[in-house]
file protein11.cif (mmCIF, C-alpha atoms)
data_work
#
loop_
_atom_site.label_atom_id
_atom_site.label_comp_id
_atom_site.auth_asym_id
_atom_site.auth_seq_id
_atom_site.Cartn_x
_atom_site.Cartn_y
_atom_site.Cartn_z
CA MET A 1 -38.52 74.54 -2.69
CA SER A 2 -40.58 77.70 -3.26
CA ILE A 3 -40.81 81.22 -1.92
CA VAL A 4 -43.81 83.49 -1.45
CA GLU A 5 -43.36 87.22 -0.81
CA LEU A 6 -46.03 89.53 0.59
CA THR A 7 -45.57 93.29 0.25
CA ASP A 8 -47.66 96.09 1.75
CA TYR A 9 -47.40 99.19 3.89
CA ASP A 10 -46.05 98.49 7.35
CA HIS A 11 -49.32 98.98 9.23
CA ARG A 12 -51.20 96.62 6.90
CA LEU A 13 -48.69 93.78 7.13
CA PRO A 14 -48.29 92.81 10.80
CA PRO A 15 -45.99 89.78 10.98
CA GLN A 16 -47.96 88.03 13.73
CA LYS A 17 -50.39 86.44 11.28
CA LEU A 18 -47.58 84.92 9.25
CA GLN A 19 -45.79 83.86 12.43
CA ALA A 20 -48.95 82.11 13.63
CA LEU A 21 -49.19 80.18 10.36
CA GLY A 22 -45.49 79.37 10.34
CA GLN A 23 -45.62 78.18 13.94
CA ARG A 24 -47.74 75.24 12.81
CA TYR A 25 -45.19 74.10 10.22
CA PRO A 26 -41.52 73.66 11.20
CA ASP A 27 -40.51 73.32 7.52
CA VAL A 28 -41.40 76.97 6.81
CA ALA A 29 -38.66 79.61 7.16
CA LEU A 30 -40.00 83.13 7.76
CA ARG A 31 -38.18 86.34 6.87
CA ARG A 32 -38.88 90.09 6.90
CA TRP A 33 -37.52 93.17 5.13
CA PRO A 34 -38.74 96.67 5.99
CA ASP A 35 -37.62 98.70 2.97
CA ALA A 36 -36.76 102.38 2.68
CA ASN A 37 -40.19 103.20 1.18
CA HIS A 38 -42.09 102.23 4.36
CA LEU A 39 -43.14 98.95 2.78
CA THR A 40 -42.73 95.65 4.57
CA HIS A 41 -41.83 92.44 2.75
CA LEU A 42 -42.77 89.19 4.49
CA VAL A 43 -41.26 86.05 2.99
CA ALA A 44 -41.97 82.35 3.52
CA TYR A 45 -39.54 79.71 2.19
CA ALA A 46 -40.69 76.10 2.21
CA PRO A 47 -41.25 73.01 0.06
CA GLN A 48 -43.48 73.74 -2.93
CA ALA A 49 -46.40 71.72 -1.60
CA ARG A 50 -46.34 73.63 1.69
CA ILE A 51 -46.30 77.02 -0.04
CA GLN A 52 -49.24 76.01 -2.23
CA ALA A 53 -51.19 74.90 0.83
CA LEU A 54 -50.42 78.15 2.66
CA LEU A 55 -51.24 80.56 -0.18
CA PRO A 56 -55.03 80.73 0.38
CA ALA A 57 -54.55 81.38 4.10
CA LEU A 58 -51.94 84.05 3.42
CA LYS A 59 -54.14 85.85 0.92
CA GLN A 60 -57.00 85.77 3.42
CA ALA A 61 -54.79 87.02 6.26
CA TYR A 62 -53.32 89.84 4.15
CA PRO A 63 -56.05 90.83 1.64
CA THR A 64 -54.38 94.09 0.51
CA ALA A 65 -50.85 92.67 0.12
CA ARG A 66 -49.13 92.14 -3.20
CA VAL A 67 -48.40 88.41 -3.39
CA LYS A 68 -45.44 87.22 -5.45
CA GLU A 69 -44.65 83.53 -5.75
CA TYR A 70 -41.21 82.28 -6.77
CA ALA A 71 -42.35 78.83 -7.78
CA ALA A 72 -39.03 77.06 -8.40
CA PRO A 73 -35.32 77.93 -8.56
CA PHE A 74 -33.70 78.39 -11.96
CA TYR A 75 -30.29 77.60 -10.45
CA ARG A 76 -29.38 74.99 -7.87
CA PHE A 77 -26.09 73.96 -6.29
CA ASP A 78 -25.88 71.09 -3.79
CA ARG A 79 -23.21 68.87 -2.28
CA ASN A 80 -23.50 66.35 -5.13
CA ARG A 81 -21.24 68.77 -7.01
CA CYS A 82 -18.50 68.30 -4.38
CA ALA A 83 -15.82 65.67 -3.94
CA ASP A 84 -16.99 65.42 -0.33
CA LYS A 85 -20.74 64.90 -0.67
CA THR A 86 -21.37 64.79 3.09
CA THR A 87 -24.20 67.07 4.18
CA ALA A 88 -24.83 68.61 7.59
CA LYS A 89 -27.78 67.24 9.55
CA GLN A 90 -29.21 70.71 10.18
CA TRP A 91 -28.97 73.89 8.13
CA ASP A 92 -29.36 77.62 8.56
CA ASN A 93 -30.92 79.28 5.52
CA ILE A 94 -29.74 82.78 4.64
CA ILE A 95 -32.15 84.54 2.27
CA LEU A 96 -31.24 87.60 0.21
CA THR A 97 -33.00 89.58 -2.49
CA ALA A 98 -31.87 91.80 -5.37
CA SER A 99 -33.07 92.81 -8.83
CA LEU A 100 -31.89 92.28 -12.37
CA VAL A 101 -31.19 95.41 -14.39
CA ALA A 102 -33.98 96.64 -16.68
CA ASP A 103 -32.29 95.38 -19.84
CA THR A 104 -33.75 92.23 -21.41
CA ALA A 105 -30.54 91.33 -23.25
CA LYS A 106 -28.53 91.50 -20.03
CA GLN A 107 -31.19 89.50 -18.16
CA ASN A 108 -30.88 86.74 -20.76
CA GLU A 109 -27.09 86.83 -20.52
CA TYR A 110 -27.36 86.41 -16.74
CA LEU A 111 -29.59 83.36 -17.14
CA ARG A 112 -27.26 81.83 -19.75
CA TYR A 113 -24.27 82.27 -17.46
CA HIS A 114 -26.08 80.34 -14.72
CA ALA A 115 -27.32 77.64 -17.11
CA THR A 116 -23.72 76.87 -18.15
CA GLN A 117 -21.90 77.71 -14.93
CA PHE A 118 -21.15 74.15 -13.81
CA GLU A 119 -19.53 73.32 -17.15
CA GLN A 120 -17.80 76.60 -18.01
CA TRP A 121 -17.11 78.03 -14.55
CA PRO A 122 -16.57 74.94 -12.34
CA GLU A 123 -14.41 76.99 -9.99
CA VAL A 124 -17.56 78.69 -8.69
CA SER A 125 -19.18 75.50 -7.43
CA ASN A 126 -15.78 74.35 -6.16
CA GLY A 127 -15.73 77.51 -4.07
CA PHE A 128 -19.18 76.70 -2.69
CA CYS A 129 -17.89 73.24 -1.76
CA ASN A 130 -14.84 74.70 0.00
CA ALA A 131 -17.10 77.06 1.97
CA SER A 132 -19.28 74.18 3.23
CA PHE A 133 -22.36 75.55 1.47
CA GLN A 134 -24.98 72.81 1.69
CA GLN A 135 -27.23 74.22 -1.00
CA LEU A 136 -27.57 77.41 -3.00
CA LEU A 137 -30.77 78.28 -4.85
CA VAL A 138 -31.60 81.28 -7.03
CA PHE A 139 -35.24 82.15 -7.79
CA ARG A 140 -36.58 84.71 -10.23
CA ARG A 141 -39.95 86.41 -10.71
CA GLY A 142 -39.86 89.20 -13.28
CA ARG A 143 -36.76 91.22 -12.44
CA GLU A 144 -36.71 90.26 -8.76
CA LEU A 145 -34.27 87.64 -7.50
CA MET A 146 -34.25 85.59 -4.31
CA LEU A 147 -31.06 83.83 -3.22
CA VAL A 148 -31.04 81.11 -0.55
CA ILE A 149 -27.68 80.01 0.85
CA SER A 150 -27.85 77.02 3.20
CA ILE A 151 -24.94 76.50 5.60
CA PRO A 152 -24.36 74.12 8.53
CA LYS A 153 -26.50 75.19 11.46
CA GLY A 154 -24.69 77.44 13.91
CA GLN A 155 -21.98 78.52 11.48
CA SER A 156 -21.50 82.05 10.14
CA LEU A 157 -21.83 83.10 6.51
CA ASP A 158 -19.30 85.88 7.17
CA ALA A 159 -16.77 83.23 8.21
CA LEU A 160 -17.56 80.75 5.43
CA ASN A 161 -18.02 83.03 2.41
CA PRO A 162 -14.33 84.08 2.06
CA LYS A 163 -13.49 80.42 1.48
CA THR A 164 -15.29 80.57 -1.90
CA THR A 165 -12.48 82.76 -3.28
CA GLU A 166 -9.55 81.35 -1.29
CA ASN A 167 -6.86 80.38 -3.86
CA ASN A 168 -9.68 80.64 -6.39
CA PRO A 169 -9.38 83.93 -8.35
CA ARG A 170 -11.84 82.81 -11.03
CA VAL A 171 -14.65 83.23 -8.48
CA ASP A 172 -13.63 86.88 -8.12
CA GLU A 173 -13.92 87.18 -11.90
CA TRP A 174 -17.38 85.57 -11.82
CA ASN A 175 -18.56 87.91 -9.08
CA GLN A 176 -17.25 90.92 -10.99
CA ARG A 177 -19.12 89.87 -14.14
CA MET A 178 -22.36 89.30 -12.27
CA ARG A 179 -22.36 92.86 -10.92
CA GLN A 180 -23.27 94.26 -14.33
CA TYR A 181 -26.56 92.32 -14.27
CA GLN A 182 -27.72 93.12 -10.72
CA GLU A 183 -28.97 96.16 -8.87
CA GLY A 184 -30.76 96.88 -5.62
CA ARG A 185 -34.49 96.35 -5.46
CA ASN A 186 -36.80 99.32 -5.13
CA GLY A 187 -36.55 100.28 -1.47
CA ALA A 188 -32.96 99.12 -0.97
CA GLY A 189 -30.49 101.49 0.66
CA PRO A 190 -28.04 103.63 -1.35
CA GLY A 191 -25.47 101.37 -3.01
CA GLU A 192 -27.15 98.25 -1.59
CA VAL A 193 -27.60 95.41 -4.09
CA TRP A 194 -28.21 92.20 -2.14
CA VAL A 195 -30.47 92.77 0.86
CA PHE A 196 -30.37 90.26 3.72
CA LEU A 197 -33.87 89.29 4.87
CA GLN A 198 -34.10 89.10 8.65
CA PRO A 199 -35.52 86.00 10.40
CA LEU A 200 -38.90 86.42 12.05
CA PRO A 201 -38.69 85.25 15.66
CA PRO A 202 -41.23 82.72 16.96
CA LEU A 203 -44.39 84.14 18.47
CA ALA A 204 -43.98 84.86 22.15
CA ALA A 205 -45.88 82.46 24.36
CA LYS A 206 -48.92 84.00 26.01
CA PRO A 207 -48.49 84.36 29.77
CA LYS A 208 -50.57 81.97 31.80
CA GLN A 209 -53.38 83.60 33.69
CA ALA A 210 -53.43 83.10 37.43
CA VAL A 211 -56.17 80.84 38.69
CA ARG A 212 -58.41 82.62 41.12
CA LYS A 213 -59.80 80.61 43.99
#

call {"tool": "encode", "arguments": {"input": "protein11.cif", "output": "structure tokens"}}
result
Amino acid sequence: MSIVELTDYDHRLPPQKLQALGQRYPDVALRRWPDANHLTHLVAYAPQARIQALLPALKQAYPTARVKEYAAPFYRFDRNRCADKTTAKQWDNIILTASLVADTAKQNEYLRYHATQFEQWPEVSNGFCNASFQQLLVFRRGRELMLVISIPKGQSLDALNPKTTENNPRVDEWNQRMRQYQEGRNGAGPGEVWVFLQPLPPLAAKPKQAVRK
């Protein structure tokens, strides 16, 4: 899976062009974040091959946008880590974004924690299993992070997420440690670290014109 993010001023980044492209491909998830600096972030999440195929069209549709590609996740959890490896037939993908702090040593610590998490902090993935997370991916480009949490379609992250720490205090410890490495992206609200990207609705169907006789 890959992510591409387009950023520009609101009036130069109308979502309809991205929606029109995404409408042709059901495997593309579209998201939007209007930040506090009057910039809009449009995000497409899809298999790597699909993102690569879409990039030229996106750059043509939004010639002034800053294009940032998150080519592959550096961290991946899936149900193969669980005792119950059953996966849901359909998923909802929740996409969030944050930033790493501007300290190279801390950035490297953050990456090392994730590289060894399954071995040294198995309680974290156990918590994901208990919460019915189907997949969890973390992408990085520079200091920016993208987090994708996949849950069974129709369920609520607010209802599932508390199960990650239920009778599992080591997950609370993990979360507390991770806070020292993360901060809100430029344009996030005061005190906001992880920003939820909002789904882009499908394009509205054009009304049929009446036939004149």

call {"tool": "residues_around", "arguments": {"input": "protein11.cif", "residues": "segment 42-52 of chain A", "least_positions_apart": "4", "cutoff": "9 Å", "atoms": "only C-alpha atoms", "output": "VMD selection string"}}
result
chain A and resid 1 to 8 13 15 18 22 25 27 to 34 56 69 71 to 72 95 197 200

call {"tool": "atom_distance", "arguments": {"input": "protein11.cif", "atom1": "atom CA of Gln135 of chain A", "atom2": "atom CA of Glu183 of chain A"}}
result
23.4 Å

call {"tool": "resolve_selection", "arguments": {"input": "protein11.cif", "expression": "the PyMOL selection byres ((chain A and resi 125) around 12)", "output": "number ranges by chain"}}
result
A: 75-83, 114, 116-124, 126-136, 163-165, 168, 170-171, 174

call {"tool": "atom_distance", "arguments": {"input": "protein11.cif", "atom1": "atom CA of Val193 of chain A", "atom2": "atom CA of Leu100 of chain A"}}
result
9.8 Å

call {"tool": "residues_around", "arguments": {"input": "protein11.cif", "residues": "Trp91 of chain A", "least_positions_apart": "4", "cutoff": "8 Å", "atoms": "all atoms listed in the file", "output": "short mmCIF file (atom, residue, chain, number, x, y, z; two decimals) with C-alpha atoms, keeping the file's coordinate frame"}}
result
data_model
loop_
_atom_site.label_atom_id
_atom_site.label_comp_id
_atom_site.auth_asym_id
_atom_site.auth_seq_id
_atom_site.Cartn_x
_atom_site.Cartn_y
_atom_site.Cartn_z
CA GLN A 134 -24.98 72.81 1.69
CA SER A 150 -27.85 77.02 3.20
CA ILE A 151 -24.94 76.50 5.60
CA PRO A 152 -24.36 74.12 8.53
CA LYS A 153 -26.50 75.19 11.46
#

call {"tool": "atom_distance", "arguments": {"input": "protein11.cif", "atom1": "atom CA of Tyr9 of chain A", "atom2": "atom CA of Gln23 of chain A"}}
result
23.4 Å

call {"tool": "residues_around", "arguments": {"input": "protein11.cif", "residues": "Arg179 of chain A", "least_positions_apart": "4", "cutoff": "12 Å", "atoms": "all atoms listed in the file", "output": "list in words"}}
result
Ala98, Ser99, Leu100, Val101, Lys106, Gln107, Tyr110, Asp172, Glu173, Trp174, Asn175, Glu183, Gly184, Glu192, Val193 and Trp194 of chain A

call {"tool": "closest_residue", "arguments": {"input": "protein11.cif", "among": "A:Phe74, A:Glu144, A:Lys17, A:Ile94", "to": "Lys59 of chain A", "atoms": "all atoms listed in the file"}}
result
A:Lys17

call {"tool": "closest_residue", "arguments": {"input": "protein11.cif", "among": "A:Pro201, A:Pro63, A:Pro169, A:Pro73", "to": "Leu137 of chain A", "atoms": "only C-alpha atoms"}}
result
A:Pro73

call {"tool": "closest_residue", "arguments": {"input": "protein11.cif", "among": "A:Gln182, A:Ser156, A:Gln90, A:Tyr70", "to": "Phe139 of chain A", "atoms": "only C-alpha atoms"}}
result
A:Tyr70

call {"tool": "closest_residue", "arguments": {"input": "protein11.cif", "among": "A:Ala115, A:Asp103, A:Pro202, A:Arg12", "to": "Gln180 of chain A", "atoms": "all atoms listed in the file"}}
result
A:Asp103

call {"tool": "closest_residue", "arguments": {"input": "protein11.cif", "among": "A:Ala105, A:Leu39, A:Ala159, A:Ala20", "to": "Leu54 of chain A", "atoms": "all atoms listed in the file"}}
result
A:Ala20

call {"tool": "closest_residue", "arguments": {"input": "protein11.cif", "among": "A:Asp10, A:Asp35, A:Asp92, A:Asp84", "to": "Val148 of chain A", "atoms": "only C-alpha atoms"}}
result
A:Asp92
